[in-house]
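Visitor: Contents are compact mmCIF, C-alpha atoms; file name entry27.txt:
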# COMPACT_ATOMS: atom_id res chain seq x y z
CA MET A 9 85.26 -67.99 32.66
CA THR A 10 81.77 -67.32 33.92
CA LEU A 11 78.75 -69.33 32.87
CA ASP A 12 75.45 -67.53 32.61
CA LEU A 13 73.04 -70.31 33.56
CA THR A 14 69.42 -70.00 34.50
CA GLU A 15 68.36 -71.58 37.77
CA ALA A 16 66.72 -74.47 35.93
CA GLU A 17 69.87 -75.11 33.89
CA ALA A 18 72.05 -75.04 36.99
CA LYS A 19 69.73 -77.52 38.75
CA ALA A 20 69.74 -79.81 35.71
CA LEU A 21 73.54 -79.70 35.50
CA ALA A 22 73.88 -80.36 39.23
CA GLU A 23 71.51 -83.32 39.00
CA HIS A 24 73.42 -84.72 36.04
CA LEU A 25 76.72 -84.40 37.92
CA ARG A 26 75.21 -86.03 41.02
CA ARG A 27 73.95 -88.96 38.96
CA ALA A 28 77.27 -89.32 37.11
CA LEU A 29 79.20 -89.36 40.40
CA ALA A 30 76.81 -91.85 42.00
CA ASP A 31 76.87 -94.25 39.05
CA ASP A 32 80.64 -94.23 38.56
CA PRO A 33 82.20 -97.65 39.25
CA PHE A 34 85.26 -96.00 40.83
CA PRO A 35 83.83 -93.36 43.22
CA LEU A 36 87.20 -92.38 44.69
CA ALA A 37 88.97 -91.91 41.35
CA PRO A 38 91.04 -88.70 41.08
CA ARG A 39 89.36 -87.84 37.78
CA LEU A 40 86.13 -87.17 39.68
CA ARG A 41 87.58 -84.43 41.91
CA PRO A 42 86.98 -81.62 39.37
CA LEU A 43 83.39 -82.79 38.90
CA ARG A 44 82.82 -82.73 42.66
CA ALA A 45 84.30 -79.22 42.81
CA VAL A 46 81.92 -78.03 40.09
CA LEU A 47 79.00 -79.66 41.87
CA SER A 48 79.89 -77.96 45.15
CA LYS A 49 79.93 -74.59 43.35
CA LEU A 50 76.60 -75.24 41.64
CA ASP A 51 74.83 -76.56 44.72
CA PRO A 52 76.79 -75.71 47.90
CA ALA A 53 73.85 -76.58 50.15
CA ALA A 54 73.71 -80.16 48.88
CA GLU A 55 74.80 -82.68 51.43
CA GLN A 56 78.04 -84.41 50.51
CA PRO A 57 77.85 -88.19 50.87
CA ALA A 58 79.92 -89.61 53.67
CA PRO A 59 82.85 -91.80 52.67
CA PRO A 60 82.18 -95.52 53.06
CA ARG A 61 82.75 -96.83 56.55
CA PRO A 62 85.47 -99.46 56.95
CA ARG A 63 84.23 -102.92 57.69
CA PRO A 64 84.82 -104.16 61.22
CA PRO A 65 87.46 -106.83 61.56
CA ALA A 66 86.01 -110.30 61.24
CA GLU A 67 86.77 -113.22 63.45
CA PRO A 68 89.65 -115.28 62.03
CA SER A 69 88.68 -118.48 60.29
CA LEU A 70 89.11 -121.85 61.93
CA ILE A 71 92.18 -122.62 59.79
CA VAL A 72 93.90 -119.38 60.79
CA ARG A 73 93.18 -120.03 64.47
CA ARG A 74 94.56 -123.59 64.19
CA ASN A 75 97.73 -122.34 62.51
CA ARG A 76 98.25 -119.71 65.20
CA THR A 77 97.90 -122.25 68.02
CA ALA A 78 100.15 -124.72 66.19
CA ARG A 79 102.95 -122.13 65.97
CA ARG A 80 102.80 -121.41 69.68
CA ARG A 81 103.53 -124.99 70.68
Please rewrite the model in this file as structure tokens.

Guide:
Amino acid sequence: MTLDLTEAEAKALAEHLRRALADDPFPLAPRLRPLRAVLSKLDPAAEQPAPPRPRPPAEPSLIVRRNRTARRR
């Protein structure tokens, strides 16, 4: 199936898909994969957003540290 879209229509559709993907509360949901594939076909030069970076490990709380030292004794 081939869509015959004008350049303005393709840009509008790409913008709508970008906005829908950005506003989705579950950005990694499998149901969004087909939409991302369509967006990459419509606008291949668009930069894909990087996946979120994992948070660095935090220092353990005081309670956790006390429990760890209590077990060692």

Visitor: Measuring between only C-alpha atoms, which one of A:Ser48, A:Ala53, A:Pro60, A:Ile71 shows the shortest distance to Arg26 (chain A)?

Guide: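 Under the stated criterion, the closest residue is A:Ser48.
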
Visitor: Check the smallest atom-to-atom distance from each of A:Val72, A:Leu36, A:Ala45, A:Ala58 to Ala22 (chain A) using all atoms listed in the file, then report the winner.

Guide: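 Among the listed residues, the smallest separation from Ala22 (chain A) belongs to A:Ala45.
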
Visitor: For Lys49 (chain A), find every residue with an atom within 12 Å (counting only C-alpha atoms), except residues of its own chain fewer than 2 positions away, and show them as a list in words.

Guide: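 Once the nearby chain positions are removed, what remains is Leu11, Ala18, Lys19, Leu21, Ala22, Leu25, Pro42, Leu43, Arg44, Ala45, Val46, Leu47, Asp51, Pro52, Ala53 and Ala54 of chain A.
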
Visitor: In Å, rounded to a single decimal, give me how far CA of Leu29 (chain A) is from CA of Arg41 (chain A).

Guide: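 Answer for the CA of Arg41 (chain A) to CA of Leu29 (chain A) separation: 9.8 Å.
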
Visitor: If you measure from CA of Thr10 (chain A) to CA of Glu23 (chain A), what distance in Å do you get, rounded to one decimal?

Guide: 19.7 Å

Visitor: Using CA of Met9 (chain A) and CA of Leu50 (chain A) as the two end points, give the distance in Å to one decimal.

Guide: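 Interatomic distance here is 14.4 Å.
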